[in-house]
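Q: Hey, dropping work27.cif in here, mmCIF, C-alpha atoms:
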```cif
data_upload
#
loop_
_atom_site.label_atom_id
_atom_site.label_comp_id
_atom_site.auth_asym_id
_atom_site.auth_seq_id
_atom_site.Cartn_x
_atom_site.Cartn_y
_atom_site.Cartn_z
CA MET A 27 24.92 -84.04 -28.52
CA LYS A 28 27.42 -85.18 -31.17
CA GLU A 29 28.61 -88.74 -31.06
CA LYS A 30 32.35 -89.16 -31.22
CA VAL A 31 33.38 -91.44 -34.07
CA GLU A 32 36.77 -93.07 -33.81
CA ILE A 33 38.57 -94.16 -36.96
CA SER A 34 41.52 -96.49 -36.73
CA LEU A 35 44.50 -95.53 -38.86
CA LYS A 36 44.50 -99.10 -40.16
CA ASP A 37 41.08 -98.40 -41.71
CA LEU A 38 42.41 -95.48 -43.78
CA SER A 39 43.46 -95.93 -47.39
CA PHE A 40 47.09 -95.88 -48.42
CA SER A 41 46.60 -92.40 -49.98
CA GLU A 42 45.01 -91.02 -46.81
CA LEU A 43 47.87 -92.38 -44.73
CA LYS A 44 50.42 -90.83 -47.10
CA GLU A 45 48.64 -87.46 -46.82
CA ARG A 46 48.71 -87.63 -43.03
CA LEU A 47 52.36 -88.62 -43.13
CA ALA A 48 53.22 -85.65 -45.36
CA LYS A 49 51.47 -83.28 -42.94
CA ALA A 50 53.12 -84.81 -39.88
CA HIS A 51 56.53 -84.74 -41.54
CA SER A 52 56.14 -81.11 -42.69
CA HIS A 53 55.30 -80.09 -39.12
CA LYS A 54 58.22 -82.18 -37.80
CA PHE A 55 55.89 -84.42 -35.78
CA PHE A 56 58.43 -87.22 -35.92
CA PHE A 57 56.75 -89.62 -33.51
CA GLU A 58 53.49 -89.37 -35.42
CA SER A 59 55.47 -89.85 -38.64
CA VAL A 60 57.12 -92.99 -37.29
CA TYR A 61 53.75 -94.38 -36.26
CA LEU A 62 52.18 -93.56 -39.65
CA ILE A 63 55.09 -95.22 -41.47
CA SER A 64 54.62 -98.31 -39.31
CA VAL A 65 50.94 -98.41 -40.28
CA LEU A 66 51.82 -97.87 -43.95
CA ILE A 67 54.31 -100.74 -43.88
CA GLU A 68 51.87 -103.07 -42.16
CA ASN A 69 49.15 -102.02 -44.60
CA ARG A 70 51.36 -102.96 -47.59
CA ILE A 71 52.54 -106.20 -45.99
CA ASP A 72 48.91 -107.19 -45.32
CA ARG A 73 47.98 -106.39 -48.93
CA LEU A 74 50.91 -108.46 -50.20
CA ILE A 75 49.91 -111.40 -48.01
CA LYS A 76 46.34 -111.20 -49.31
CA VAL A 77 47.33 -110.94 -52.99
CA ALA A 78 50.01 -113.65 -52.72
CA ASP A 79 47.78 -115.87 -50.57
CA ILE A 80 50.51 -116.38 -47.98
CA SER A 81 49.40 -118.29 -44.89
CA LEU A 82 50.71 -120.14 -41.88
CA SER A 83 49.87 -123.82 -41.90
CA PRO A 84 48.54 -124.86 -38.47
CA ALA A 85 49.43 -128.51 -39.07
CA THR A 86 53.12 -128.07 -39.86
CA GLY A 87 53.85 -124.61 -38.57
CA THR A 88 55.52 -123.85 -41.89
CA ARG A 89 54.76 -120.95 -44.14
CA SER A 90 53.33 -121.56 -47.56
CA LYS A 91 51.84 -119.96 -50.61
CA SER A 92 48.75 -121.96 -51.37
CA LYS A 93 45.08 -121.77 -52.24
CA THR A 94 44.05 -123.49 -49.00
CA LYS A 95 43.04 -121.27 -46.14
CA ALA A 96 45.04 -121.66 -42.95
CA LYS A 97 45.60 -119.89 -39.66
CA PRO A 98 46.19 -116.19 -40.30
CA ILE A 99 49.53 -114.68 -39.40
CA SER A 100 48.96 -111.98 -36.81
CA SER A 101 52.23 -110.25 -35.86
CA LEU A 102 54.16 -108.04 -38.26
CA PRO A 103 57.50 -109.80 -37.64
CA GLU A 104 55.82 -113.15 -38.38
CA LYS A 105 54.29 -111.75 -41.57
CA ILE A 106 57.68 -110.47 -42.71
CA LYS A 107 59.32 -113.79 -41.85
CA ALA A 108 56.70 -115.66 -43.90
CA ILE A 109 57.25 -113.45 -46.94
CA LYS A 110 61.02 -113.67 -46.59
CA GLU A 111 60.95 -117.48 -46.45
CA ILE A 112 58.82 -117.64 -49.60
CA VAL A 113 61.03 -115.18 -51.48
CA GLU A 114 64.22 -116.97 -50.39
CA ALA A 115 62.83 -120.40 -51.30
CA ASP A 116 63.00 -119.32 -54.97
CA LYS A 117 60.41 -121.87 -56.14
CA PRO A 118 58.91 -121.67 -59.66
CA GLU A 119 55.41 -121.04 -58.30
CA ASN A 120 56.75 -117.88 -56.64
CA ASP A 121 58.41 -116.44 -59.78
CA LEU A 122 55.90 -113.60 -60.12
CA LEU A 123 56.32 -112.65 -56.47
CA ASN A 124 60.11 -112.83 -56.76
CA GLN A 125 60.06 -110.54 -59.80
CA HIS A 126 58.48 -107.79 -57.72
CA LEU A 127 59.88 -108.35 -54.28
CA ASP A 128 63.37 -109.32 -53.30
CA GLY A 129 65.05 -110.29 -50.07
CA LEU A 130 66.81 -106.92 -49.87
CA LEU A 131 63.55 -104.99 -49.62
CA ILE A 132 62.23 -107.40 -47.01
CA ASN A 133 65.52 -106.93 -45.12
CA ASP A 134 65.08 -103.14 -45.40
CA VAL A 135 61.62 -103.46 -43.87
CA SER A 136 62.93 -105.69 -41.04
CA ASN A 137 65.91 -103.42 -40.42
CA TRP A 138 63.75 -100.30 -40.33
CA LEU A 139 61.35 -101.89 -37.85
CA GLU A 140 64.27 -102.97 -35.67
CA GLU A 141 65.81 -99.49 -35.85
CA ARG A 142 62.43 -97.98 -34.95
CA ASN A 143 62.12 -100.28 -31.94
CA ASN A 144 65.67 -99.50 -30.80
CA ILE A 145 65.18 -95.74 -31.01
CA LEU A 146 61.81 -95.84 -29.30
CA LYS A 147 63.24 -98.13 -26.61
CA ALA A 148 66.06 -95.65 -26.13
CA LEU A 149 63.45 -93.13 -25.04
CA THR A 150 62.99 -95.10 -21.86
CA ASP A 151 66.76 -94.97 -21.21
CA ASN A 152 67.64 -91.54 -22.59
CA CYS A 153 66.39 -89.25 -25.28
CA PRO A 154 67.71 -89.94 -28.80
CA GLU A 155 69.08 -87.06 -30.84
CA PRO A 156 66.47 -85.30 -33.01
CA GLY A 157 68.57 -86.17 -36.05
CA GLU A 158 68.24 -89.89 -35.28
CA ILE A 159 64.48 -89.63 -35.24
CA ALA A 160 64.43 -87.52 -38.42
CA GLU A 161 66.66 -90.11 -40.15
CA LEU A 162 64.32 -92.88 -38.98
CA VAL A 163 61.39 -91.02 -40.56
CA PHE A 164 63.29 -90.45 -43.82
CA SER A 165 64.46 -94.05 -44.14
CA GLY A 166 61.01 -95.32 -43.17
CA GLU A 167 59.34 -93.27 -45.88
CA MET A 168 61.74 -94.74 -48.44
CA VAL A 169 61.08 -98.30 -47.26
CA ALA A 170 57.29 -97.78 -47.23
CA THR A 171 57.35 -96.20 -50.72
CA ASN A 172 59.48 -99.01 -52.18
CA LEU A 173 57.30 -101.66 -50.58
CA ALA A 174 54.12 -99.98 -51.82
CA TYR A 175 55.45 -99.85 -55.39
CA CYS A 176 56.47 -103.52 -55.36
CA VAL A 177 53.10 -104.63 -53.97
CA LYS A 178 51.23 -102.50 -56.53
CA GLN A 179 53.21 -103.96 -59.44
CA TYR A 180 52.82 -107.49 -58.11
CA LYS A 181 49.06 -107.07 -57.68
CA LYS A 182 48.75 -105.69 -61.21
CA ASN A 183 50.63 -108.68 -62.64
CA VAL A 184 48.62 -111.19 -60.59
CA LYS A 185 45.44 -109.70 -62.05
CA ALA A 186 46.91 -109.89 -65.56
CA GLU A 187 48.02 -113.49 -65.04
CA ASN A 188 44.59 -114.49 -63.70
CA LYS A 189 42.92 -112.75 -66.63
CA ASP A 190 45.07 -114.75 -69.07
CA SER A 191 44.23 -118.04 -67.35
#
```
Please, can you express the file's structure as C-alpha cells?
A:
Amino acid sequence: MKEKVEISLKDLSFSELKERLAKAHSHKFFFESVYLISVLIENRIDRLIKVADISLSPATGTRSKSKTKAKPISSLPEKIKAIKEIVEADKPENDLLNQHLDGLLINDVSNWLEERNNILKALTDNCPEPGEIAELVFSGEMVATNLAYCVKQYKKNVKAENKDS
C-alpha cells in the first residue's frame, strides 16, 4: 500500500510555485491562483525578513533590524508592518534595504492582501464578478513578481557587501 505524502505549498521553491501559478492561471483556476500568489508573497516576505534580519523585540515591542535574535514575527500583516516601519524610518543602516524596497511596493503588497480579503469575504455575502477575481489574480502576480525581484536584488547586494567586509 502506498503511503500518501503531503507537501505544503510553503515548502515548495519560488520557481515551483510560479510554475503552479502559471498552470492555475492558464486553466482559469482563480481561487487556486489567489492562494498561490498569497503563498508567493509570504515566501518573499519571509526571505526578506531573513536576509535583512528583521525581528520583533520582545522587550520593547518595537521592530528593529539588528543582529540580536528576538521573538519571530508570525502573521503576514505584522511582517509587512515591520518591514514598512524599517523602510519608512530611513536610517543609514537601512540604506541597502531602502535601495531595493520602497514604501510603495510594501503598500502594494498590503493593498493587494486587503483587496484579496475583501473579495474573498464578499463570497460569504454574494458572489463577486469573475472579472474582479481575474483582476485580483493579475494584480497579485504583478505585486509578487515585483517583490521577488526586489528581494533577489537586495539579497545579492547583501552578499556582495558581506564579501567586501
Q: By how many Å are atom CA of A:Cys176 and atom CA of A:His126 apart?
A: 5.3 Å
Q: Using the chain letters and numbers from this file, what does the PyMOL selection byres ((chain A and resi 60) around 10) select? Give the answer as a PyMOL selection string.
A: chain A and resi 47+50-51+55-59+61-66+139+142+146+159-160+162-164+166-167
Q: Please produce a file of the residues just selected, as an mmCIF file, in the coordinates of the input, where the atoms kept are C-alpha atoms.
A:
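Contents of part_32.cif, as written:
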```cif
data_model
loop_
_atom_site.group_PDB
_atom_site.id
_atom_site.type_symbol
_atom_site.label_atom_id
_atom_site.label_comp_id
_atom_site.auth_asym_id
_atom_site.auth_seq_id
_atom_site.Cartn_x
_atom_site.Cartn_y
_atom_site.Cartn_z
ATOM 1 C CA LEU A 47 52.360 -88.620 -43.130
ATOM 2 C CA ALA A 50 53.120 -84.810 -39.880
ATOM 3 C CA HIS A 51 56.530 -84.740 -41.540
ATOM 4 C CA PHE A 55 55.890 -84.420 -35.780
ATOM 5 C CA PHE A 56 58.430 -87.220 -35.920
ATOM 6 C CA PHE A 57 56.750 -89.620 -33.510
ATOM 7 C CA GLU A 58 53.490 -89.370 -35.420
ATOM 8 C CA SER A 59 55.470 -89.850 -38.640
ATOM 9 C CA TYR A 61 53.750 -94.380 -36.260
ATOM 10 C CA LEU A 62 52.180 -93.560 -39.650
ATOM 11 C CA ILE A 63 55.090 -95.220 -41.470
ATOM 12 C CA SER A 64 54.620 -98.310 -39.310
ATOM 13 C CA VAL A 65 50.940 -98.410 -40.280
ATOM 14 C CA LEU A 66 51.820 -97.870 -43.950
ATOM 15 C CA LEU A 139 61.350 -101.890 -37.850
ATOM 16 C CA ARG A 142 62.430 -97.980 -34.950
ATOM 17 C CA LEU A 146 61.810 -95.840 -29.300
ATOM 18 C CA ILE A 159 64.480 -89.630 -35.240
ATOM 19 C CA ALA A 160 64.430 -87.520 -38.420
ATOM 20 C CA LEU A 162 64.320 -92.880 -38.980
ATOM 21 C CA VAL A 163 61.390 -91.020 -40.560
ATOM 22 C CA PHE A 164 63.290 -90.450 -43.820
ATOM 23 C CA GLY A 166 61.010 -95.320 -43.170
ATOM 24 C CA GLU A 167 59.340 -93.270 -45.880
#
```
Q: Pull the neighbourhood of (55.7, -110.1, -45.4) for me: all residues within 10 Å in file coordinates, counting all atoms listed in the file, as JSON, numbers by chain.
A: {"A": [67, 68, 70, 71, 72, 73, 74, 75, 78, 80, 99, 102, 103, 104, 105, 106, 107, 108, 109, 110, 111, 112, 113, 127, 132, 135, 136]}
Q: Measuring between only C-alpha atoms, which one of A:Glu141, A:Asp151, A:Asp190, A:Asp134 shows the shortest distance to A:Leu173?
A: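 Distance minimum relative to A:Leu173 lands on A:Asp134.
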Q: How many Å lie between atom CA of A:Tyr180 and atom CA of A:Asn124, rounded to one decimal?
A: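 Separating atom CA of A:Tyr180 from atom CA of A:Asn124 is a distance of 9.1 Å.
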Q: To one decimal place, how far is atom CA of A:Leu122 from atom CA of A:Lys44 in Å?
A: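 Value for the atom CA of A:Leu122-atom CA of A:Lys44 distance: 26.8 Å.
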Q: Looking at A:Val169, A:Glu155, A:Asn69, A:Ser34, which one is nearest to A:Asn133, with distances taken over all atoms listed in the file?
A: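 Looking at the shortest contact to A:Asn133, the residue is A:Val169.
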